[in-house]
$ cat work-v7.txt   # compact mmCIF, C-alpha atoms and all ligand atoms
# COMPACT_ATOMS: atom_id res chain seq x y z
CA MET A 1 -45.11 -25.45 45.30
CA THR A 2 -45.10 -21.68 45.17
CA GLY A 3 -41.98 -20.23 43.67
CA THR A 4 -40.51 -16.83 44.39
CA PHE A 5 -39.40 -14.79 41.45
CA VAL A 6 -35.97 -13.36 42.12
CA GLU A 7 -35.11 -10.51 39.85
CA PRO A 8 -31.70 -11.15 38.30
CA THR A 9 -28.93 -8.76 39.20
CA PRO A 10 -28.65 -6.40 36.27
CA THR A 11 -25.38 -6.58 34.39
CA PRO A 12 -24.11 -3.74 32.23
CA LEU A 13 -25.23 -5.72 29.16
CA ALA A 14 -28.72 -6.22 30.57
CA LEU A 15 -28.92 -2.51 31.22
CA LEU A 16 -28.05 -1.83 27.64
CA LEU A 17 -30.58 -4.28 26.28
CA LEU A 18 -33.33 -3.00 28.51
CA GLY A 19 -32.63 0.53 27.41
CA GLN A 20 -32.82 1.96 30.89
CA LYS A 21 -30.65 3.11 33.79
CA ALA A 22 -26.92 3.60 33.66
CA ASP A 23 -23.91 1.84 35.07
CA PRO A 24 -21.47 4.38 36.52
CA GLU A 25 -18.75 1.72 36.86
CA SER A 26 -18.57 0.96 33.17
CA GLU A 27 -19.95 4.28 31.95
CA ARG A 28 -22.49 2.20 30.03
CA GLY A 29 -26.21 2.74 29.95
CA VAL A 30 -28.68 4.55 27.81
CA GLU A 31 -30.08 7.27 30.01
CA CYS A 32 -30.23 10.63 28.28
CA PRO A 33 -31.34 13.20 30.85
CA GLY A 34 -33.46 15.93 29.30
CA ASP A 35 -35.33 15.68 26.04
CA LEU A 36 -33.92 13.39 23.37
CA PRO A 37 -35.27 14.65 20.03
CA ALA A 38 -37.52 12.27 18.13
CA PRO A 39 -35.81 10.66 15.11
CA SER A 40 -38.66 11.89 12.94
CA ASP A 41 -38.05 15.51 13.97
CA PRO A 42 -37.75 17.37 10.63
CA ASP A 43 -35.74 20.11 12.30
CA LEU A 44 -32.92 17.85 13.48
CA VAL A 45 -30.47 18.85 10.77
CA ASN A 46 -31.12 22.54 11.42
CA ARG A 47 -30.82 22.03 15.17
CA ALA A 48 -27.49 20.21 14.74
CA ARG A 49 -26.19 22.99 12.47
CA ALA A 50 -27.32 25.70 14.86
CA ALA A 51 -25.88 24.04 17.98
CA LYS A 52 -22.55 23.35 16.27
CA ALA A 53 -22.31 26.91 14.97
CA ALA A 54 -23.16 28.35 18.38
CA LEU A 55 -20.48 26.23 20.07
CA GLY A 56 -17.94 27.24 17.42
CA ASP A 57 -14.31 26.37 18.27
CA ARG A 58 -15.38 25.12 21.70
CA VAL A 59 -16.45 21.83 20.09
CA PHE A 60 -14.61 19.45 17.74
CA ILE A 61 -16.62 16.56 16.30
CA LEU A 62 -14.91 13.33 15.31
CA GLY A 63 -16.62 10.79 13.02
CA HIS A 64 -15.41 7.22 12.64
CA HIS A 65 -15.59 5.69 9.14
CA TYR A 66 -18.33 3.29 10.31
CA GLN A 67 -20.73 6.07 11.37
CA ARG A 68 -24.01 6.82 9.60
CA ASN A 69 -23.98 9.54 6.93
CA GLU A 70 -26.42 11.67 8.96
CA VAL A 71 -23.71 11.90 11.65
CA ILE A 72 -20.65 12.04 9.37
CA GLU A 73 -22.18 15.16 7.82
CA PHE A 74 -21.40 17.03 11.05
CA ALA A 75 -17.92 15.62 11.65
CA ASP A 76 -14.99 18.04 11.54
CA VAL A 77 -12.76 15.11 10.65
CA THR A 78 -13.39 11.49 9.71
CA GLY A 79 -11.03 8.57 10.07
CA ASP A 80 -10.07 5.43 11.93
CA SER A 81 -9.88 5.25 15.69
CA PHE A 82 -6.24 6.23 16.09
CA LYS A 83 -6.31 9.05 13.58
CA LEU A 84 -9.33 10.47 15.36
CA ALA A 85 -7.70 10.26 18.80
CA GLN A 86 -4.65 12.04 17.37
CA GLN A 87 -6.89 14.66 15.78
CA ALA A 88 -8.52 15.28 19.15
CA ALA A 89 -5.07 15.87 20.67
CA ALA A 90 -4.20 18.20 17.77
CA HIS A 91 -7.10 20.52 18.67
CA PRO A 92 -6.32 21.78 22.17
CA GLU A 93 -8.53 24.83 21.56
CA ALA A 94 -11.60 22.58 21.65
CA GLU A 95 -13.09 22.41 25.12
CA PHE A 96 -15.35 19.53 24.07
CA ILE A 97 -14.45 16.59 21.85
CA VAL A 98 -17.64 14.91 20.67
CA PHE A 99 -16.61 11.43 19.59
CA CYS A 100 -19.00 9.82 17.12
CA GLY A 101 -17.62 6.32 17.42
CA VAL A 102 -17.57 3.73 20.19
CA HIS A 103 -16.53 3.69 23.85
CA PHE A 104 -12.90 2.51 23.56
CA MET A 105 -12.25 5.23 20.96
CA ALA A 106 -13.54 7.95 23.26
CA GLU A 107 -11.31 6.54 26.02
CA SER A 108 -8.29 6.75 23.69
CA ALA A 109 -9.19 10.36 22.92
CA ASP A 110 -9.36 11.13 26.65
CA ILE A 111 -5.94 9.49 27.16
CA LEU A 112 -4.35 11.60 24.41
CA THR A 113 -6.03 14.95 25.08
CA SER A 114 -5.18 17.49 27.77
CA ALA A 115 -6.74 17.48 31.22
CA ASP A 116 -8.94 20.50 30.45
CA GLN A 117 -10.57 18.89 27.40
CA GLN A 118 -13.74 16.88 27.89
CA VAL A 119 -14.57 13.91 25.68
CA ILE A 120 -18.24 13.18 25.00
CA LEU A 121 -19.75 9.96 23.62
CA PRO A 122 -23.28 10.91 22.42
CA ASP A 123 -24.73 7.50 23.36
CA LEU A 124 -23.08 5.54 26.18
CA ALA A 125 -24.49 2.31 24.78
CA ALA A 126 -22.10 2.60 21.84
CA GLY A 127 -19.66 -0.07 22.93
CA CYS A 128 -17.70 -2.50 20.74
CA SER A 129 -18.55 -6.18 20.90
CA MET A 130 -14.92 -7.11 20.30
CA ALA A 131 -13.53 -4.84 23.01
CA ASP A 132 -16.20 -6.15 25.39
CA MET A 133 -14.92 -9.71 24.89
CA ALA A 134 -11.87 -8.95 27.03
CA GLU A 135 -12.47 -7.65 30.55
CA ILE A 136 -9.57 -6.61 32.73
CA ASN A 137 -10.22 -9.22 35.43
CA GLN A 138 -10.24 -11.95 32.74
CA VAL A 139 -6.94 -10.68 31.32
CA GLU A 140 -5.43 -10.66 34.82
CA ASP A 141 -6.62 -14.27 35.27
CA CYS A 142 -5.02 -15.16 31.93
CA TRP A 143 -1.72 -13.63 33.03
CA ALA A 144 -1.90 -15.64 36.28
CA ALA A 145 -2.49 -18.81 34.22
CA LEU A 146 0.55 -18.01 32.07
CA ASP A 147 2.50 -17.45 35.28
CA ARG A 148 1.46 -20.85 36.65
CA ALA A 149 2.64 -22.38 33.37
CA GLY A 150 5.97 -20.60 33.87
CA VAL A 151 5.73 -18.47 30.71
CA ALA A 152 4.44 -15.05 31.84
CA GLU A 153 8.00 -13.72 32.19
CA VAL A 154 8.79 -14.43 28.55
CA THR A 155 5.42 -13.28 27.20
CA VAL A 156 4.83 -9.78 25.79
CA PRO A 157 1.23 -8.55 25.58
CA ILE A 158 0.06 -6.72 22.45
CA THR A 159 -3.38 -5.22 22.47
CA TYR A 160 -5.30 -3.95 19.48
CA MET A 161 -6.63 -0.37 19.67
CA ASN A 162 -10.07 -1.98 20.00
CA SER A 163 -9.72 -2.69 23.70
CA SER A 164 -10.61 -0.91 26.91
CA ALA A 165 -8.27 1.61 28.51
CA ALA A 166 -7.87 -0.83 31.42
CA ILE A 167 -6.41 -3.42 29.04
CA LYS A 168 -4.17 -0.89 27.30
CA SER A 169 -2.93 0.05 30.78
CA PHE A 170 -2.35 -3.62 31.69
CA THR A 171 -0.36 -3.98 28.47
CA GLY A 172 1.75 -0.94 29.31
CA LYS A 173 2.47 -2.23 32.82
CA HIS A 174 3.57 -5.63 31.49
CA GLY A 175 6.05 -4.34 28.92
CA GLY A 176 3.73 -4.52 25.91
CA SER A 177 2.38 -2.25 23.20
CA VAL A 178 -0.85 -1.23 21.53
CA CYS A 179 -1.20 -1.97 17.81
CA THR A 180 -3.49 -1.00 14.97
CA SER A 181 -4.50 -3.12 12.00
CA SER A 182 -1.76 -1.43 9.95
CA ASN A 183 1.14 -1.91 12.31
CA ALA A 184 0.24 -5.27 13.89
CA GLU A 185 3.10 -6.91 11.96
CA ARG A 186 5.72 -4.45 13.25
CA SER A 187 4.24 -4.63 16.76
CA MET A 188 4.45 -8.41 16.82
CA GLU A 189 8.00 -8.39 15.43
CA TRP A 190 8.95 -5.88 18.12
CA ALA A 191 7.32 -8.09 20.77
CA PHE A 192 9.36 -11.10 19.65
CA GLU A 193 12.51 -8.98 20.07
CA GLN A 194 11.47 -8.35 23.70
CA GLY A 195 10.36 -11.87 24.61
CA GLU A 196 9.65 -15.38 23.36
CA LYS A 197 5.85 -15.33 23.20
CA VAL A 198 3.08 -12.89 22.42
CA LEU A 199 -0.29 -12.63 24.15
CA PHE A 200 -2.48 -10.97 21.50
CA LEU A 201 -5.64 -9.18 22.72
CA PRO A 202 -8.56 -9.14 22.03
CA ASP A 203 -8.98 -10.05 18.32
CA GLN A 204 -7.90 -13.61 17.58
CA HIS A 205 -8.27 -13.04 13.82
CA LEU A 206 -5.97 -10.02 13.56
CA GLY A 207 -3.50 -11.87 15.80
CA ARG A 208 -3.61 -15.07 13.75
CA ASN A 209 -3.49 -13.25 10.40
CA THR A 210 -0.45 -11.29 11.56
CA ALA A 211 1.41 -14.24 13.07
CA VAL A 212 0.84 -16.62 10.17
CA ARG A 213 0.57 -14.43 7.08
CA ASP A 214 3.01 -11.67 8.01
CA LEU A 215 5.51 -13.32 10.35
CA GLY A 216 5.49 -16.75 8.73
CA LEU A 217 4.57 -18.70 11.86
CA SER A 218 2.38 -21.77 11.48
CA LEU A 219 -1.21 -22.15 12.61
CA ASP A 220 0.12 -24.69 15.12
CA ASP A 221 2.30 -22.00 16.70
CA CYS A 222 -0.91 -20.25 17.79
CA VAL A 223 -3.27 -21.32 20.57
CA VAL A 224 -6.57 -19.72 21.54
CA TYR A 225 -7.14 -18.69 25.16
CA ASN A 226 -10.84 -18.91 26.04
CA PRO A 227 -11.53 -16.62 29.02
CA ASN A 228 -14.66 -18.59 29.85
CA LYS A 229 -12.75 -21.80 30.58
CA PRO A 230 -10.36 -22.60 33.44
CA ASP A 231 -6.81 -21.75 32.33
CA GLY A 232 -8.32 -20.62 29.04
CA GLY A 233 -9.00 -24.24 28.10
CA LEU A 234 -5.25 -24.78 27.62
CA THR A 235 -2.82 -27.14 29.31
CA HIS A 236 0.45 -25.77 30.66
CA GLU A 237 2.19 -27.76 27.96
CA GLN A 238 0.15 -26.03 25.24
CA MET A 239 0.99 -22.62 26.74
CA ARG A 240 4.69 -23.51 26.83
CA ALA A 241 4.71 -24.79 23.25
CA ALA A 242 2.81 -21.83 21.73
CA ARG A 243 4.54 -18.81 20.19
CA VAL A 244 1.34 -16.74 20.08
CA ILE A 245 -1.51 -16.94 22.58
CA LEU A 246 -4.60 -15.50 20.91
CA TRP A 247 -7.43 -14.12 23.02
CA LYS A 248 -10.78 -15.63 22.02
CA GLY A 249 -12.34 -12.40 20.77
CA HIS A 250 -13.62 -11.31 17.39
CA CYS A 251 -15.56 -8.58 15.63
CA SER A 252 -19.19 -9.52 15.17
CA VAL A 253 -19.36 -7.53 11.92
CA HIS A 254 -16.21 -8.84 10.21
CA GLY A 255 -16.98 -12.32 11.56
CA ARG A 256 -19.93 -12.47 9.16
CA PHE A 257 -17.74 -12.81 6.08
CA THR A 258 -17.02 -16.42 5.11
CA PRO A 259 -14.88 -18.11 2.45
CA GLU A 260 -18.16 -18.95 0.66
CA CYS A 261 -18.92 -15.20 0.38
CA VAL A 262 -15.65 -14.81 -1.55
CA ASP A 263 -16.39 -17.81 -3.80
CA ASP A 264 -19.92 -16.54 -4.52
CA VAL A 265 -18.90 -13.02 -5.45
CA ARG A 266 -16.09 -14.27 -7.70
CA GLU A 267 -18.62 -16.49 -9.49
CA GLN A 268 -21.08 -13.62 -9.91
CA VAL A 269 -18.55 -10.97 -10.96
CA PRO A 270 -15.62 -12.58 -12.78
CA GLY A 271 -12.38 -10.63 -12.31
CA ILE A 272 -13.61 -8.78 -9.23
CA THR A 273 -11.00 -7.71 -6.65
CA VAL A 274 -11.85 -8.85 -3.13
CA ILE A 275 -10.56 -6.48 -0.45
CA VAL A 276 -11.10 -7.27 3.23
CA HIS A 277 -10.21 -5.97 6.68
CA PRO A 278 -7.77 -8.11 8.72
CA GLU A 279 -10.42 -8.55 11.44
CA CYS A 280 -11.91 -11.15 9.05
CA ALA A 281 -11.18 -14.82 9.73
CA TYR A 282 -7.90 -16.32 8.42
CA GLU A 283 -9.79 -18.49 5.87
CA VAL A 284 -11.45 -15.38 4.40
CA VAL A 285 -8.28 -13.30 4.32
CA GLU A 286 -6.46 -16.17 2.58
CA LYS A 287 -9.01 -16.06 -0.24
CA ALA A 288 -8.99 -12.26 -0.64
CA ASP A 289 -6.83 -10.30 -3.10
CA ILE A 290 -6.04 -7.38 -0.80
CA VAL A 291 -6.09 -7.11 3.00
CA GLY A 292 -5.97 -3.80 4.79
CA SER A 293 -7.20 -1.25 7.29
CA THR A 294 -10.13 1.04 6.59
CA GLU A 295 -7.72 3.75 5.42
CA LYS A 296 -6.00 1.29 3.05
CA ILE A 297 -9.35 0.10 1.66
CA ILE A 298 -10.44 3.70 0.99
CA ALA A 299 -7.10 4.67 -0.58
CA THR A 300 -6.82 1.52 -2.73
CA ILE A 301 -10.27 1.96 -4.25
CA ALA A 302 -9.82 5.71 -4.77
CA ALA A 303 -6.59 5.03 -6.69
CA ALA A 304 -8.01 2.22 -8.87
CA GLU A 305 -8.74 2.60 -12.58
CA PRO A 306 -12.32 3.55 -13.53
CA GLY A 307 -14.39 0.45 -14.25
CA THR A 308 -12.62 -1.69 -11.64
CA SER A 309 -14.87 -3.97 -9.58
CA PHE A 310 -14.38 -4.44 -5.86
CA ALA A 311 -16.08 -6.65 -3.29
CA ILE A 312 -15.44 -5.10 0.12
CA GLY A 313 -15.41 -6.98 3.41
CA THR A 314 -15.85 -4.34 6.08
CA GLU A 315 -18.64 -2.39 7.80
CA LEU A 316 -21.57 -1.45 5.56
CA ASN A 317 -21.81 2.29 6.33
CA LEU A 318 -18.25 2.67 5.04
CA VAL A 319 -18.87 0.45 2.01
CA LYS A 320 -21.93 2.51 1.06
CA ARG A 321 -19.92 5.73 1.38
CA ILE A 322 -17.07 4.31 -0.74
CA ALA A 323 -19.63 3.38 -3.40
CA GLN A 324 -21.04 6.93 -3.36
CA GLN A 325 -17.55 8.43 -3.62
CA ASN A 326 -16.48 6.10 -6.47
CA PRO A 327 -19.34 6.19 -9.00
CA ASP A 328 -16.91 5.15 -11.76
CA LYS A 329 -16.26 1.76 -10.10
CA GLN A 330 -18.42 -1.22 -9.32
CA ILE A 331 -18.62 -1.69 -5.55
CA VAL A 332 -20.18 -4.81 -4.03
CA TYR A 333 -20.68 -5.69 -0.37
CA LEU A 334 -19.02 -9.03 0.36
CA ASP A 335 -21.82 -10.45 2.53
CA LYS A 336 -25.21 -11.31 1.02
CA THR A 337 -27.10 -9.99 4.04
CA VAL A 338 -26.98 -6.44 5.33
CA CYS A 339 -25.13 -5.99 8.60
CA PHE A 340 -24.13 -2.68 10.08
CA CYS A 341 -22.07 -2.39 13.25
CA SER A 342 -25.01 -2.09 15.63
CA THR A 343 -23.05 -0.32 18.34
CA MET A 344 -21.55 2.23 15.93
CA ASN A 345 -25.08 2.84 14.72
CA ARG A 346 -26.19 3.76 18.26
CA ILE A 347 -24.83 7.22 17.50
CA ASP A 348 -27.57 8.88 15.47
CA LEU A 349 -28.65 12.43 14.79
CA PRO A 350 -31.01 12.67 17.81
CA HIS A 351 -28.17 11.71 20.18
CA LEU A 352 -25.74 14.09 18.48
CA VAL A 353 -28.24 16.96 18.69
CA TRP A 354 -28.98 16.12 22.32
CA ALA A 355 -25.25 16.12 23.19
CA LEU A 356 -24.55 19.40 21.37
CA GLU A 357 -27.60 21.22 22.75
CA SER A 358 -26.79 19.98 26.26
CA LEU A 359 -23.25 21.36 25.98
CA LEU A 360 -24.69 24.64 24.75
CA ALA A 361 -26.95 24.75 27.80
CA GLY A 362 -23.94 24.19 30.06
CA ASN A 363 -24.58 20.51 30.79
CA VAL A 364 -21.68 18.20 30.02
CA VAL A 365 -23.36 14.89 29.22
CA ASN A 366 -21.89 11.42 28.67
CA GLN A 367 -18.34 12.47 29.47
CA ILE A 368 -15.79 9.65 29.17
CA VAL A 369 -13.15 9.86 31.87
CA VAL A 370 -10.14 7.58 32.19
CA ASP A 371 -8.54 7.67 35.65
CA ASP A 372 -4.97 9.00 35.96
CA ASP A 373 -3.22 5.67 36.66
CA THR A 374 -4.96 3.94 33.74
CA LYS A 375 -4.20 6.93 31.56
CA GLU A 376 -0.50 6.91 32.45
CA TRP A 377 0.04 3.22 31.67
CA SER A 378 -2.15 3.26 28.57
CA LYS A 379 -0.04 6.12 27.31
CA VAL A 380 3.09 4.00 27.88
CA ALA A 381 1.61 1.26 25.65
CA LEU A 382 0.48 3.79 23.02
CA ASP A 383 3.88 5.51 23.02
CA ARG A 384 5.62 2.17 22.43
CA MET A 385 3.46 1.77 19.33
CA LEU A 386 4.29 5.28 18.14
CA ALA A 387 8.00 4.55 18.55
CA LEU A 388 7.77 1.60 16.13
CA PRO A 389 9.58 2.26 12.84
CA GLY A 390 7.58 2.49 9.62
CA PRO A 391 5.46 4.96 7.71
CA SER A 392 2.06 3.69 8.80
CA ALA A 393 2.76 3.10 12.47
CA ALA A 394 -0.22 5.18 13.43
CA ARG A 395 -2.93 3.83 11.15
CA ASP A 396 -5.85 1.64 12.17
S1 LIG A 401 -17.03 -3.01 13.55
FE1 LIG A 401 -16.43 -4.64 15.00
S2 LIG A 401 -14.50 -3.95 15.94
FE2 LIG A 401 -15.47 -2.15 14.94
S3 LIG A 401 -16.67 -1.18 16.59
FE3 LIG A 401 -18.07 -2.57 15.50
S4 LIG A 401 -17.92 -4.50 16.69
FE4 LIG A 401 -16.16 -3.25 17.29
$ encode --input "work-v7.txt" --output "structure tokens" --more "lines below"
Ligand code: SF4
Amino acid sequence: MTGTFVEPTPTPLALLLLGQKADPESERGVECPGDLPAPSDPDLVNRARAAKAALGDRVFILGHHYQRNEVIEFADVTGDSFKLAQQAAAHPEAEFIVFCGVHFMAESADILTSADQQVILPDLAAGCSMADMAEINQVEDCWAALDRAGVAEVTVPITYMNSSAAIKSFTGKHGGSVCTSSNAERSMEWAFEQGEKVLFLPDQHLGRNTAVRDLGLSLDDCVVYNPNKPDGGLTHEQMRAARVILWKGHCSVHGRFTPECVDDVREQVPGITVIVHPECAYEVVEKADIVGSTEKIIATIAAAEPGTSFAIGTELNLVKRIAQQNPDKQIVYLDKTVCFCSTMNRIDLPHLVWALESLLAGNVVNQIVVDDDTKEWSKVALDRMLALPGPSAARD
């Protein structure tokens, strides 16, 4: 029998993996029109300096904490995703915001900046595996399933910053709020004042850690909605009984840390303080000494006594930088194997130089544009978060 080879329909993910073409629908792809400098180009640093200087105030470069040092060196400001989006909005003089981070962060910057500012993501393949685990059509299906179970009306959606603009917009339209890793507790408390249940998107770990550790709910109060199963793999009875419906998403970087990692490091370095990000699994967070956002991790270690030992459970670029900035402390990476956030690492010096030189030549490349309706409703969800009481309402 002679078979016919049928080429599979390319998906956005396949496009990314193949390293070719672009997908205008999702803004994903890896095409870089023009000449992308070679990574071995010895002049890259000089070219980046020259392009940035020539653009002057027309460009403002944002660098997320998880970016490589070679990129951070050119950032006008560094921080977490929300701080960076706010910083973009605080610089209306900048015609171009070059966001060295991942796709959902650039979308947030576009939502918060004025219409005449253009947000650039130097490599469109810089997505976020967690954000990509929740697609808008899947979330709409989930809401329909909750409706069939008779609980959608009493459910309030909360979405983590690490989600697409479409999902932030969905959340705004359905009476919910965005949250960061620092204000997830207040967001969830607020949600329970508005309704009886919370749909937490897209990070099941942050949702579970918040519900159980901060709000005192039990693990049995939480159910996990799997978007790849009919009705999320839940019965209507399970949906009715749950207080928190957790989306089955996670961060591939923070998911690497296990309870055994904590046990091992405590055995190797007696007295060490284990500090982890709340995107880590509940079992890991339960074993840690301190849990907090990237900003909290940085601040805690900076304020510690010289000689203190820390094992850090977050992305490796940041851990390396903290170690460089705190030579008087012992800093250990919590995992035994090296794992960077591969999508954050897509932004490298060649892509930054290419983006800056393109702007200088009058070509706006890799612009991230959120449509007006999505922008409006995302802003509603973001504004609800900003209205939450508390000093750290705007930290990630
Ligand atoms: S570290 Fe995790 S949550 Fe952050 S961008 Fe990478 S995959 Fe996404």
$ residues_near_ligand --input "work-v7.txt" --ligand "ligand LIG 401 (chain A)" --cutoff "9 Å" --atoms "all atoms listed in the file" --output "number ranges by chain"
A: 66, 101-105, 126-132, 162, 203, 250-255, 279, 314-315, 340-345
$ atom_distance --input "work-v7.txt" --atom1 "CA of Leu112 (chain A)" --atom2 "CA of Thr155 (chain A)"
26.9 Å
$ atom_distance --input "work-v7.txt" --atom1 "CA of Glu237 (chain A)" --atom2 "CA of Trp143 (chain A)"
15.5 Å
$ residues_around --input "work-v7.txt" --residues "Cys222 (chain A)" --least-positions-apart "2" --cutoff "7 Å" --atoms "all atoms listed in the file" --output "ChimeraX atom specification"
/A:219-220,224,242-246
$ atom_distance --input "work-v7.txt" --atom1 "CA of His65 (chain A)" --atom2 "CA of Ser164 (chain A)"
19.6 Å
$ residues_around --input "work-v7.txt" --residues "Ala89 (chain A)" --least-positions-apart "6" --cutoff "10 Å" --atoms "all atoms listed in the file" --output "list in words"
Lys83, Ile97, Ala109, Asp110, Ile111, Leu112, Thr113, Ser114 and Gln117 of chain A
$ closest_residue --input "work-v7.txt" --among "A:Ala165, A:Ala94, A:Val151, A:Ala281" --to "Val380 (chain A)" --atoms "all atoms listed in the file"
A:Ala165
$ closest_residue --input "work-v7.txt" --among "A:Ala54, A:Ala149, A:Ile312, A:Val198" --to "Arg240 (chain A)" --atoms "all atoms listed in the file"
A:Ala149
$ residues_around --input "work-v7.txt" --residues "region 292-297 of chain A" --least-positions-apart "2" --cutoff "10 Å" --atoms "only C-alpha atoms" --output "ChimeraX atom specification"
/A:65-66,79-80,83,180-183,275-279,285,290,299-302,312-315,318-319,322,395-396
$ write_last_selection --input "work-v7.txt" --atoms "C-alpha atoms" --output "tab-separated table (two decimals), in the frame of the given file"
chain	number	residue	atom	x	y	z
A	65	HIS	CA	-15.59	5.69	9.14
A	66	TYR	CA	-18.33	3.29	10.31
A	79	GLY	CA	-11.03	8.57	10.07
A	80	ASP	CA	-10.07	5.43	11.93
A	83	LYS	CA	-6.31	9.05	13.58
A	180	THR	CA	-3.49	-1.00	14.97
A	181	SER	CA	-4.50	-3.12	12.00
A	182	SER	CA	-1.76	-1.43	9.95
A	183	ASN	CA	1.14	-1.91	12.31
A	275	ILE	CA	-10.56	-6.48	-0.45
A	276	VAL	CA	-11.10	-7.27	3.23
A	277	HIS	CA	-10.21	-5.97	6.68
A	278	PRO	CA	-7.77	-8.11	8.72
A	279	GLU	CA	-10.42	-8.55	11.44
A	285	VAL	CA	-8.28	-13.30	4.32
A	290	ILE	CA	-6.04	-7.38	-0.80
A	299	ALA	CA	-7.10	4.67	-0.58
A	300	THR	CA	-6.82	1.52	-2.73
A	301	ILE	CA	-10.27	1.96	-4.25
A	302	ALA	CA	-9.82	5.71	-4.77
A	312	ILE	CA	-15.44	-5.10	0.12
A	313	GLY	CA	-15.41	-6.98	3.41
A	314	THR	CA	-15.85	-4.34	6.08
A	315	GLU	CA	-18.64	-2.39	7.80
A	318	LEU	CA	-18.25	2.67	5.04
A	319	VAL	CA	-18.87	0.45	2.01
A	322	ILE	CA	-17.07	4.31	-0.74
A	395	ARG	CA	-2.93	3.83	11.15
A	396	ASP	CA	-5.85	1.64	12.17
$ residues_around --input "work-v7.txt" --residues "Leu121 (chain A)" --least-positions-apart "5" --cutoff "7 Å" --atoms "all atoms listed in the file" --output "number ranges by chain"
A: 98-100, 106, 366-368
$ residues_around --input "work-v7.txt" --residues "Lys336 (chain A)" --least-positions-apart "3" --cutoff "12 Å" --atoms "all atoms listed in the file" --output "list in words"
Arg256, Phe257, Thr258, Glu260, Cys261, Val262, Asp263, Asp264, Val265, Gln268, Ala311, Ile312, Gly313, Leu316, Val332, Tyr333 and Cys339 of chain A
$ decode --input "work-v7.txt" --residues "region 339-362 of chain A" --atoms "C-alpha atoms" --output "compact mmCIF listing (two decimals), in the first residue's frame"
# COMPACT_ATOMS: atom_id res chain seq x y z
CA CYS A 339 17.16 25.35 34.46
CA PHE A 340 16.62 28.81 33.06
CA CYS A 341 13.25 30.01 31.83
CA SER A 342 13.77 29.08 28.20
CA THR A 343 11.25 31.58 26.86
CA MET A 344 12.68 34.47 28.90
CA ASN A 345 16.06 33.48 27.52
CA ARG A 346 14.79 33.91 23.95
CA ILE A 347 15.54 37.61 24.41
CA ASP A 348 19.26 37.89 23.85
CA LEU A 349 21.63 40.63 22.76
CA PRO A 350 21.32 39.89 19.01
CA HIS A 351 17.52 40.29 19.19
CA LEU A 352 17.80 43.45 21.29
CA VAL A 353 20.31 44.97 18.87
CA TRP A 354 18.14 43.98 15.91
CA ALA A 355 15.05 45.59 17.49
CA LEU A 356 16.87 48.82 18.41
CA GLU A 357 18.64 49.18 15.06
CA SER A 358 15.37 48.48 13.23
CA LEU A 359 13.63 51.24 15.20
CA LEU A 360 16.50 53.56 14.38
CA ALA A 361 16.06 52.76 10.69
CA GLY A 362 12.35 53.59 10.95
